[in-house]
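Let me begin by presenting the structure, written as structure tokens, before commenting on it.
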Amino acid sequence: MSEEVFRSPKKRGRFAVFLSGRGSNFMAIHKAVQAGGIDADIGLVFSNKREAPGYLYAQEHGLETLYLYYKKFDSREAYDARLAEEINKRDIDLIVLAGYMRIITAPFCHEFKNRIINIHPALLPAFPGLHVQQQAIDWGVRFSGATVHFVTAEVDMGPIILQAAVPVHQDDTEDTLAARILKEEHQIYPEAVKLFFDGRLEVRDRRVFILPEDT
């Protein structure tokens, strides 16, 4: 069987951000775009919560926003199908999940394969799911961290792009560890978006290779 290979496009593209809450990672990415560190434009900020702080931040900064109320749809699949329509008509190259608290359906994942990325506050494949900082403390691991990965239908199991590690202190609480990890998230998530639009991410089956510049 031949190896499946995907390489991110080297272009000035457009990406969408999906969020449900405060959007601190979105804000870090937005600042990187404003500073010229990411060669792409934010084409849409979508939220499933109209009052999410990140969504309000996007409106305050003049970005195009979209909100869809889930109760107007018969199923999760119908909700995501409508969302896919909105993405496709805006010429979006990449979808960035920044604290988006809905599980994305398999058809949506398949339609945008290798075009959705997420950040998770643990060193995947360890501790997928929720309350992962507390899981790390309870297991007594010495290091935890953050992972940027491509999204697949299997939650928190897509190909890994970047990771950052932080120590777990013996007196850590869930909140103190989360705060230490979040600082690293704000560094590696903008970097992952930059690498995508610089054409430097190559996915070979489930492994991601970061290509040298100008290749």
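Labels used: A, B, ... for chains in the order of the structure tokens, numbers from 1 for residues in each chain, and numbers from 1 for ligands as shown.
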
Show which residues sit within 12 Å of stretch 175-177 of chain A, as a compact mmCIF listing (two decimals) with C-alpha atoms, in the first residue's frame. Count only C-alpha atoms, and ignore same-chain residues fewer than 2 positions away.
```txt
# COMPACT_ATOMS: atom_id res chain seq x y z
CA PRO A 121 -3.61 21.04 26.80
CA ALA A 122 -1.71 17.76 27.21
CA HIS A 131 -9.95 17.92 32.62
CA VAL A 132 -6.60 16.80 31.33
CA GLN A 133 -4.54 18.96 33.70
CA GLN A 134 -6.12 17.20 36.66
CA GLN A 135 -5.54 13.86 34.96
CA ALA A 136 -1.85 14.69 34.65
CA ILE A 137 -1.65 15.61 38.34
CA VAL A 141 3.50 12.63 35.57
CA ARG A 142 6.57 14.86 35.75
CA PHE A 143 5.83 16.71 32.53
CA SER A 144 2.70 17.77 30.70
CA GLY A 145 2.18 20.38 28.02
CA ALA A 146 0.28 21.25 24.86
CA ALA A 165 6.36 20.49 27.47
CA VAL A 166 6.13 22.03 30.94
CA PRO A 167 7.07 20.57 34.33
CA VAL A 168 4.35 19.38 36.67
CA HIS A 169 5.13 20.61 40.17
CA GLN A 170 4.24 18.59 43.23
CA ASP A 171 2.09 21.42 44.62
CA ASP A 172 0.30 22.08 41.32
CA THR A 173 -3.45 22.45 41.14
CA ALA A 179 -1.94 28.53 33.40
CA ARG A 180 1.61 27.25 32.78
CA ILE A 181 0.47 25.22 29.80
CA LEU A 182 -1.57 28.10 28.35
CA LYS A 183 1.57 30.24 28.02
CA GLU A 184 3.04 27.56 25.77
```

Non-local contacts of A:Pro53 (8 Å; only C-alpha atoms; under 4 positions in same chain excluded) as a list of chain:residue names: A:Gly21, A:Arg22, A:Gly23, A:Tyr57

Expected answer as a count of residues only: alpha helix (DSSP H) residues in chain A: 70

Residue list (strand (DSSP E or B), DSSP) for stretch 38-196 of chain A, as a PyMOL selection string: chain A and resi 40-47+65-67+94-97+116-120+143-150+160-167

Could you write out that same residue set with N, CA and C atoms as an mmCIF file, in the first residue's frame?
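As a result, result_24.cif now contains:
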```
data_model
loop_
_atom_site.group_PDB
_atom_site.id
_atom_site.type_symbol
_atom_site.label_atom_id
_atom_site.label_comp_id
_atom_site.auth_asym_id
_atom_site.auth_seq_id
_atom_site.Cartn_x
_atom_site.Cartn_y
_atom_site.Cartn_z
ATOM 1 N N ALA A 40 -1.400 35.036 6.212
ATOM 2 C CA ALA A 40 -2.775 34.619 5.943
ATOM 3 C C ALA A 40 -3.720 35.625 6.593
ATOM 4 N N ASP A 41 -4.967 35.579 6.167
ATOM 5 C CA ASP A 41 -5.998 36.457 6.715
ATOM 6 C C ASP A 41 -7.054 35.630 7.434
ATOM 7 N N ILE A 42 -7.634 36.203 8.479
ATOM 8 C CA ILE A 42 -8.739 35.557 9.177
ATOM 9 C C ILE A 42 -10.015 35.851 8.395
ATOM 10 N N GLY A 43 -10.551 34.822 7.742
ATOM 11 C CA GLY A 43 -11.709 35.020 6.885
ATOM 12 C C GLY A 43 -13.027 34.885 7.608
ATOM 13 N N LEU A 44 -13.016 34.278 8.812
ATOM 14 C CA LEU A 44 -14.256 34.074 9.562
ATOM 15 C C LEU A 44 -13.920 33.665 10.989
ATOM 16 N N VAL A 45 -14.704 34.182 11.924
ATOM 17 C CA VAL A 45 -14.672 33.695 13.305
ATOM 18 C C VAL A 45 -16.065 33.158 13.601
ATOM 19 N N PHE A 46 -16.138 31.864 13.859
ATOM 20 C CA PHE A 46 -17.419 31.205 14.113
ATOM 21 C C PHE A 46 -17.502 30.799 15.576
ATOM 22 N N SER A 47 -18.687 30.970 16.157
ATOM 23 C CA SER A 47 -18.918 30.502 17.523
ATOM 24 C C SER A 47 -20.290 29.871 17.634
ATOM 25 N N THR A 65 -17.925 37.541 11.439
ATOM 26 C CA THR A 65 -18.321 36.551 12.434
ATOM 27 C C THR A 65 -19.589 35.824 11.992
ATOM 28 N N LEU A 66 -19.773 34.640 12.576
ATOM 29 C CA LEU A 66 -20.948 33.836 12.291
ATOM 30 C C LEU A 66 -21.322 33.068 13.546
ATOM 31 N N TYR A 67 -22.617 33.035 13.822
ATOM 32 C CA TYR A 67 -23.160 32.258 14.943
ATOM 33 C C TYR A 67 -24.313 31.419 14.415
ATOM 34 N N LEU A 94 -8.012 26.803 5.839
ATOM 35 C CA LEU A 94 -7.697 26.114 7.095
ATOM 36 C C LEU A 94 -8.722 26.498 8.149
ATOM 37 N N ILE A 95 -9.099 25.540 8.976
ATOM 38 C CA ILE A 95 -9.997 25.779 10.107
ATOM 39 C C ILE A 95 -9.195 25.580 11.385
ATOM 40 N N VAL A 96 -9.220 26.594 12.239
ATOM 41 C CA VAL A 96 -8.450 26.585 13.482
ATOM 42 C C VAL A 96 -9.425 26.504 14.652
ATOM 43 N N LEU A 97 -9.384 25.397 15.387
ATOM 44 C CA LEU A 97 -10.245 25.245 16.559
ATOM 45 C C LEU A 97 -9.536 25.852 17.761
ATOM 46 N N ILE A 116 -8.081 21.033 9.205
ATOM 47 C CA ILE A 116 -8.585 21.426 10.521
ATOM 48 C C ILE A 116 -7.486 21.132 11.534
ATOM 49 N N ILE A 117 -7.159 22.129 12.370
ATOM 50 C CA ILE A 117 -6.188 21.898 13.423
ATOM 51 C C ILE A 117 -6.791 22.296 14.765
ATOM 52 N N ASN A 118 -6.250 21.688 15.810
ATOM 53 C CA ASN A 118 -6.753 21.909 17.165
ATOM 54 C C ASN A 118 -5.573 21.976 18.120
ATOM 55 N N ILE A 119 -5.785 22.612 19.281
ATOM 56 C CA ILE A 119 -4.776 22.586 20.329
ATOM 57 C C ILE A 119 -5.383 21.929 21.552
ATOM 58 N N HIS A 120 -4.573 21.065 22.177
ATOM 59 C CA HIS A 120 -5.037 20.284 23.326
ATOM 60 C C HIS A 120 -4.041 20.474 24.468
ATOM 61 N N PHE A 143 5.964 15.686 33.564
ATOM 62 C CA PHE A 143 5.826 16.707 32.527
ATOM 63 C C PHE A 143 4.458 16.581 31.870
ATOM 64 N N SER A 144 3.896 17.719 31.537
ATOM 65 C CA SER A 144 2.698 17.773 30.704
ATOM 66 C C SER A 144 2.966 18.837 29.648
ATOM 67 N N GLY A 145 1.920 19.366 29.030
ATOM 68 C CA GLY A 145 2.177 20.380 28.019
ATOM 69 C C GLY A 145 1.006 20.578 27.089
ATOM 70 N N ALA A 146 1.311 20.949 25.854
ATOM 71 C CA ALA A 146 0.279 21.250 24.864
ATOM 72 C C ALA A 146 0.649 20.613 23.538
ATOM 73 N N THR A 147 -0.377 20.279 22.758
ATOM 74 C CA THR A 147 -0.205 19.628 21.461
ATOM 75 C C THR A 147 -1.082 20.306 20.419
ATOM 76 N N VAL A 148 -0.492 20.678 19.298
ATOM 77 C CA VAL A 148 -1.261 21.104 18.127
ATOM 78 C C VAL A 148 -1.309 19.924 17.170
ATOM 79 N N HIS A 149 -2.503 19.580 16.711
ATOM 80 C CA HIS A 149 -2.650 18.401 15.857
ATOM 81 C C HIS A 149 -3.724 18.625 14.806
ATOM 82 N N PHE A 150 -3.622 17.875 13.721
ATOM 83 C CA PHE A 150 -4.691 17.844 12.746
ATOM 84 C C PHE A 150 -5.875 17.086 13.349
ATOM 85 N N ILE A 160 0.149 14.731 14.917
ATOM 86 C CA ILE A 160 0.696 15.784 15.780
ATOM 87 C C ILE A 160 1.598 16.711 14.978
ATOM 88 N N ILE A 161 1.363 18.025 15.120
ATOM 89 C CA ILE A 161 2.145 19.043 14.420
ATOM 90 C C ILE A 161 3.260 19.581 15.316
ATOM 91 N N LEU A 162 2.893 20.125 16.467
ATOM 92 C CA LEU A 162 3.858 20.697 17.406
ATOM 93 C C LEU A 162 3.461 20.323 18.828
ATOM 94 N N GLN A 163 4.460 20.258 19.698
ATOM 95 C CA GLN A 163 4.209 20.057 21.122
ATOM 96 C C GLN A 163 5.148 20.944 21.935
ATOM 97 N N ALA A 164 4.704 21.282 23.132
ATOM 98 C CA ALA A 164 5.543 22.005 24.089
ATOM 99 C C ALA A 164 5.337 21.366 25.446
ATOM 100 N N ALA A 165 6.426 21.160 26.170
ATOM 101 C CA ALA A 165 6.364 20.491 27.472
ATOM 102 C C ALA A 165 6.589 21.489 28.601
ATOM 103 N N VAL A 166 5.917 21.251 29.722
ATOM 104 C CA VAL A 166 6.127 22.033 30.940
ATOM 105 C C VAL A 166 6.252 21.066 32.109
ATOM 106 N N PRO A 167 6.982 21.441 33.155
ATOM 107 C CA PRO A 167 7.071 20.568 34.325
ATOM 108 C C PRO A 167 5.756 20.583 35.105
#
```

Among the residues A:Thr215, A:Asn88, A:Arg14, A:Asp156, the one that comes closest to A:Gly199 [using only C-alpha atoms]: A:Thr215

Counting only C-alpha atoms, the option among A:Ile92, A:Ala192, A:Ile104, A:Leu130 closest to A:Glu154: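 Of all the options, A:Ile104 lies closest to A:Glu154.
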
From A:Gln34, A:Asn114, A:Thr152, A:Asn48, residue lying nearest A:Ser20 [only C-alpha atoms]: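 Nearest candidate to A:Ser20 out of A:Gln34, A:Asn114, A:Thr152, A:Asn48: A:Asn48.
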
Test item: residues at most 6 Å from A:Glu202, only C-alpha atoms, excluding those fewer than 6 positions along its chain, as a list of chain:residue names: A:Phe6, A:Arg7, A:Val208, A:Phe209
